[in-house]
Amino acid sequence: MKTVAIIPARYNSSRFPGKPLVDICGKPMIWWVYNQVKQASRITEVMVATDDKRIFETCSAYAINCVMTRSDHSTSTERLYEVAQNLEADLYVCINGDEPLIDPELVNAIVPLYIPQKSFFVSNLMTEIKNPAEVVDFTNIKVVTDTDSNALFMSRGIIPYPKSSIEYKYYKHVGVLVYTLEALKFFSETSKGYNEKIEDINELRFIEHGKKIKMVEVQANSLSVDTPKDLAKVVSIIRESLKHE
């Protein structure tokens, strides 16, 4: 089974412009993400997908497999679909370009051992939230599932609400997803639904139109770089790890 990992990388992030190229211990962040993903044993090929020449040129300088895409995509999922239409594979894995600490085993965890040929399939990682501050942080997308581990809803709000029981856990989605080409096509050709417009969560497009998202629970300690404060913490962690090599 051919599984391609694609790392969407935009330069013009609203909260942290240019972050794929920020320096982390002498290398751009995109280099760290790419090399972490390359270590995943279930991945056949890894590439960066960008719409910015600066990112493309940096990838070329570091021998990172990179492809230019259109600049009018509103989501990373649409960018994946553009790449997937010209790159045959059974599965396409999306890893956010701001995850320099991504564990290769997390990437492996999202890849199923088997899928029916040419079927519609979407899967997303999730992890239990241990820090109460993360529950109220709107940047952490909370998820609730049915008894078969399919997503029922995702929200930036606090779900589920513990009205009748204190026996509960909160889960957040991790920015690692896998799609078949059919699923990417559906997303790109389907308009945003009511809840997606409100929450600004891409995955709701599938849920609102009755499509299943299989959630896979993992233990994840990865830290995405959304702000300069996040970057400082990541630099500290990587610098410390390099001391022990």
# chains A, B, ... in the order shown; residues from 1 in each chain; ligands from 1

$ residues_around --residues "stretch 16-32 of chain A" --least-positions-apart "2" --cutoff "6 Å" --atoms "only C-alpha atoms" --output "MDAnalysis selection string"
chainID A and resid 11:14 34:35 100 227 235

$ write_last_selection --atoms "C-alpha atoms" --output "mmCIF file, in the first residue's frame"
data_model
loop_
_atom_site.group_PDB
_atom_site.id
_atom_site.type_symbol
_atom_site.label_atom_id
_atom_site.label_comp_id
_atom_site.auth_asym_id
_atom_site.auth_seq_id
_atom_site.Cartn_x
_atom_site.Cartn_y
_atom_site.Cartn_z
ATOM 1 C CA TYR A 11 4.258 31.563 4.589
ATOM 2 C CA ASN A 12 1.438 34.004 5.311
ATOM 3 C CA SER A 13 0.123 32.643 8.592
ATOM 4 C CA SER A 14 -2.123 35.210 10.266
ATOM 5 C CA TYR A 34 10.139 16.778 7.184
ATOM 6 C CA ASN A 35 12.909 14.741 8.796
ATOM 7 C CA PRO A 100 8.752 20.063 14.481
ATOM 8 C CA THR A 227 3.105 31.665 18.444
ATOM 9 C CA VAL A 235 13.842 25.482 20.559
#

$ closest_residue --among "A:Glu240, A:Glu99, A:Asp148, A:Glu167" --to "A:Lys214" --atoms "only C-alpha atoms"
A:Asp148

$ closest_residue --among "A:Ile207, A:Val178, A:Phe186, A:Lys130" --to "A:Ser155" --atoms "only C-alpha atoms"
A:Ile207

$ closest_atom_pairs --of "stretch 71-149 of chain A" --to "stretch 188-204 of chain A" --cutoff "9 Å" --atoms "only C-alpha atoms" --output "JSON lines"
{"residue": "A:Thr75", "atom": "CA", "partner": "A:Asn202", "partner_atom": "CA", "distance": 7.5}
{"residue": "A:Ser76", "atom": "CA", "partner": "A:Asn202", "partner_atom": "CA", "distance": 8.9}
{"residue": "A:Thr77", "atom": "CA", "partner": "A:Ser188", "partner_atom": "CA", "distance": 7.5}
{"residue": "A:Glu78", "atom": "CA", "partner": "A:Ser188", "partner_atom": "CA", "distance": 5.6}
{"residue": "A:Tyr81", "atom": "CA", "partner": "A:Ser188", "partner_atom": "CA", "distance": 7.2}
{"residue": "A:Ile141", "atom": "CA", "partner": "A:Ile201", "partner_atom": "CA", "distance": 8.0}

$ atom_distance --atom1 "atom CA of A:Gly210" --atom2 "atom CA of A:Val144"
15.4 Å

$ residues_around --residues "A:Asp72" --least-positions-apart "4" --cutoff "12 Å" --atoms "only C-alpha atoms" --output "ChimeraX atom specification"
/A:10,50-52,76,78-79,82

$ residues_around --residues "stretch 91-98 of chain A" --least-positions-apart "3" --cutoff "7 Å" --atoms "only C-alpha atoms" --output "list in words"
Lys2, Thr3, Val4, Ala5, Ile6, Ile7, Pro8, Ala9, Pro20, Ile30, Val33, Gly175, Val176, Leu177, Val178, Tyr179, Thr180, Ser224 and Val225 of chain A

$ residues_around --residues "A:Leu125" --least-positions-apart "6" --cutoff "8 Å" --atoms "only C-alpha atoms" --output "PyMOL selection string"
chain A and resi 109-110+173-177+215-218

$ select_by_dssp --residues "stretch 96-149 of chain A" --states "strand (DSSP E or B)" --output "ChimeraX atom specification"
/A:122-128,142-145

$ write_last_selection --atoms "N, CA and C atoms" --output "tab-separated table (two decimals), in the first residue's frame"
chain	number	residue	atom	x	y	z
A	122	VAL	N	-11.49	8.57	5.95
A	122	VAL	CA	-10.83	9.68	6.63
A	122	VAL	C	-10.56	9.26	8.06
A	123	SER	N	-9.37	9.56	8.55
A	123	SER	CA	-9.05	9.25	9.93
A	123	SER	C	-8.20	10.37	10.53
A	124	ASN	N	-8.37	10.57	11.83
A	124	ASN	CA	-7.71	11.68	12.53
A	124	ASN	C	-7.23	11.19	13.89
A	125	LEU	N	-6.07	11.63	14.31
A	125	LEU	CA	-5.58	11.29	15.64
A	125	LEU	C	-6.24	12.17	16.69
A	126	MET	N	-6.36	11.63	17.90
A	126	MET	CA	-6.80	12.43	19.04
A	126	MET	C	-6.04	11.97	20.27
A	127	THR	N	-5.93	12.87	21.24
A	127	THR	CA	-5.23	12.52	22.47
A	127	THR	C	-5.96	13.12	23.66
A	128	GLU	N	-5.87	12.46	24.79
A	128	GLU	CA	-6.54	12.96	26.00
A	128	GLU	C	-5.85	14.23	26.48
A	142	LYS	N	-11.56	20.30	20.48
A	142	LYS	CA	-12.06	19.17	21.25
A	142	LYS	C	-12.93	18.28	20.37
A	143	VAL	N	-12.93	16.98	20.68
A	143	VAL	CA	-13.67	16.03	19.86
A	143	VAL	C	-14.41	15.03	20.75
A	144	VAL	N	-15.63	14.69	20.34
A	144	VAL	CA	-16.39	13.62	21.00
A	144	VAL	C	-16.69	12.57	19.94
A	145	THR	N	-16.74	11.31	20.38
A	145	THR	CA	-16.89	10.20	19.44
A	145	THR	C	-18.06	9.31	19.82

$ residues_around --residues "A:Ile129" --least-positions-apart "3" --cutoff "8 Å" --atoms "only C-alpha atoms" --output "list in words"
Pro132, Glu134, Val135, Lys169, Tyr170, Tyr171 and Lys172 of chain A
